[in-house]
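Worksheet: the structure to be examined is printed underneath.
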Amino acid sequence: MTSKIKKHILIIDDEPTWLKISSHILRDCGYDVFTAESGKEALKALINYKPDLILSDVRMPDMNGFDLMDNIKHIPAASSTPIIFFSAIDDYDARKVARTLGAVDYLVKPFNKDDVSSVLSKHLPI
């Protein structure tokens with residue numbers, strides 16, 4: 001009998017409410033979740049935490065999600081970790097930049113459990 005190993009996701013968002021909501025949704029979907037409230041905090045977390053996927057807000061005050069992704073690419077242990085962006089802005093240009101940088105997907109806030117489950121099942125099946 002095989003046991004399911006939980007997949008680990010790092011969520012980065014400067015809005016505590018969204019961190020709480022998205023963490024709750026992901027835990028309900030069966031994922032192990034670690035959160036960071038800024039790009040700088042996420043980079044520090046990646047020293048010890050090795051997520052299977054990163055879910056990052058695009059707009060954050062200290063470092064936007066695109067700059068964060070560029071920094072992550074320079075961390076050998078995290079450089080190949082798939083990144084999904086999410087934002088309240090459903091903007092063609094933002095989606096295009098995300099794809100160009102190598103993001104695997106893009107979610108628009110507000111999202112629900114079905115939205116997240118659908119996207120994550122493509123990139124990180126449990």
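Ordered as shown in the structure tokens, chains take letters A, B, and onward, while each chain numbers its residues from 1 and ligands are numbered from 1 in the order shown.
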
Spatial neighbours of A:Lys7, max dist 12 Å, only C-alpha atoms, sep filter under 5 positions, as a short mmCIF file (atom, residue, chain, number, x, y, z; two decimals) with N, CA and C atoms, in the first residue's frame:
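Done, and the output landed in out.cif:
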data_model
loop_
_atom_site.label_atom_id
_atom_site.label_comp_id
_atom_site.auth_asym_id
_atom_site.auth_seq_id
_atom_site.Cartn_x
_atom_site.Cartn_y
_atom_site.Cartn_z
N LEU A 26 -5.69 25.76 -0.05
CA LEU A 26 -4.68 24.77 -0.43
C LEU A 26 -4.60 23.62 0.57
N ARG A 27 -4.74 23.93 1.85
CA ARG A 27 -4.75 22.85 2.84
C ARG A 27 -5.96 21.95 2.65
N CYS A 29 -7.26 21.29 -0.10
CA CYS A 29 -6.96 20.50 -1.31
C CYS A 29 -5.92 19.41 -1.03
N GLY A 30 -5.35 19.40 0.19
CA GLY A 30 -4.41 18.36 0.57
C GLY A 30 -2.94 18.72 0.48
N TYR A 31 -2.63 20.00 0.34
CA TYR A 31 -1.24 20.44 0.24
C TYR A 31 -0.71 20.91 1.58
N ASP A 32 0.61 20.79 1.76
CA ASP A 32 1.30 21.38 2.89
C ASP A 32 1.67 22.80 2.48
N VAL A 33 1.40 23.77 3.34
CA VAL A 33 1.55 25.17 2.96
C VAL A 33 2.50 25.91 3.89
N PHE A 34 3.35 26.72 3.29
CA PHE A 34 4.22 27.64 4.01
C PHE A 34 3.97 29.01 3.40
N LYS A 50 11.92 23.82 0.87
CA LYS A 50 12.01 23.42 -0.54
C LYS A 50 10.62 23.05 -1.06
N PRO A 51 9.88 24.04 -1.55
CA PRO A 51 8.52 23.75 -2.02
C PRO A 51 8.52 23.01 -3.36
N ASP A 52 7.43 22.33 -3.61
CA ASP A 52 7.23 21.67 -4.90
C ASP A 52 6.67 22.66 -5.91
N LEU A 53 6.09 23.76 -5.40
CA LEU A 53 5.50 24.79 -6.25
C LEU A 53 5.43 26.09 -5.46
N ILE A 54 5.54 27.21 -6.18
CA ILE A 54 5.45 28.53 -5.56
C ILE A 54 4.25 29.24 -6.16
N LEU A 120 -3.71 23.63 -10.03
CA LEU A 120 -2.65 22.86 -9.38
C LEU A 120 -2.61 21.41 -9.84
N SER A 121 -3.75 20.84 -10.15
CA SER A 121 -3.74 19.45 -10.60
C SER A 121 -2.99 19.29 -11.93
N HIS A 123 -0.24 21.07 -12.69
CA HIS A 123 1.18 21.30 -12.46
C HIS A 123 1.76 20.58 -11.26
N LEU A 124 0.88 20.12 -10.37
CA LEU A 124 1.36 19.48 -9.14
C LEU A 124 0.33 18.47 -8.64
N PRO A 125 0.18 17.37 -9.34
CA PRO A 125 -0.82 16.40 -8.88
C PRO A 125 -0.44 15.81 -7.52
N ILE A 126 -1.47 15.60 -6.72
CA ILE A 126 -1.25 15.02 -5.38
C ILE A 126 -1.14 13.50 -5.52
#

* Using DSSP on the backbone coordinates, identify the residues of stretch 11-108 of chain A assigned to alpha helix (DSSP H); present them as JSON, numbers by chain. => {"A": [16, 17, 18, 19, 20, 21, 22, 23, 24, 25, 26, 27, 28, 39, 40, 41, 42, 43, 44, 45, 65, 66, 67, 68, 69, 70, 71, 72, 92, 93, 94, 95, 96, 97, 98, 99, 100, 101]}

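Among the candidates A:Leu107, A:Ser23, A:Pro16, A:Ile47, the residue lying nearest to A:Ala77 is A:Ile47 (atoms considered: only C-alpha atoms).
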
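Here the DSSP assignment of strand (DSSP E or B), based on backbone atoms, applies within chain A to His8, Ile9, Leu10, Ile11, Ile12, Asp32, Val33, Phe34, Thr35, Ala36, Leu53, Ile54, Leu55, Ser56, Asp57, Ile83, Ile84, Phe85, Phe86, Ser87, Asp105, Tyr106, Leu107 and Val108 of chain A.
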
Atoms kept (C-alpha atoms) for selection, written as a compact mmCIF listing (two decimals), in the first residue's frame:
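Resulting contents of part.txt:
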# COMPACT_ATOMS: atom_id res chain seq x y z
CA HIS A 8 4.63 21.52 -0.42
CA ILE A 9 3.60 24.96 -1.63
CA LEU A 10 5.06 28.34 -0.76
CA ILE A 11 2.51 31.16 -0.97
CA ILE A 12 3.71 34.75 -1.15
CA ASP A 32 1.30 21.38 2.89
CA VAL A 33 1.55 25.17 2.96
CA PHE A 34 4.22 27.64 4.01
CA THR A 35 3.58 31.38 3.70
CA ALA A 36 5.62 34.54 3.26
CA LEU A 53 5.50 24.79 -6.25
CA ILE A 54 5.45 28.53 -5.56
CA LEU A 55 2.25 30.58 -5.69
CA SER A 56 3.05 34.29 -5.72
CA ASP A 57 1.11 37.51 -5.87
CA ILE A 83 5.75 29.27 -10.20
CA ILE A 84 2.11 30.28 -10.53
CA PHE A 85 1.25 33.95 -10.22
CA PHE A 86 -2.01 35.32 -8.90
CA SER A 87 -3.34 38.84 -8.90
CA ASP A 105 0.11 29.56 -14.86
CA TYR A 106 -1.74 32.66 -13.69
CA LEU A 107 -4.77 32.86 -11.38
CA VAL A 108 -7.04 35.86 -10.94

* **Between atom CA of A:Ala78 and atom CA of A:Leu46 - distance in Å to one decimal** => 7.1 Å
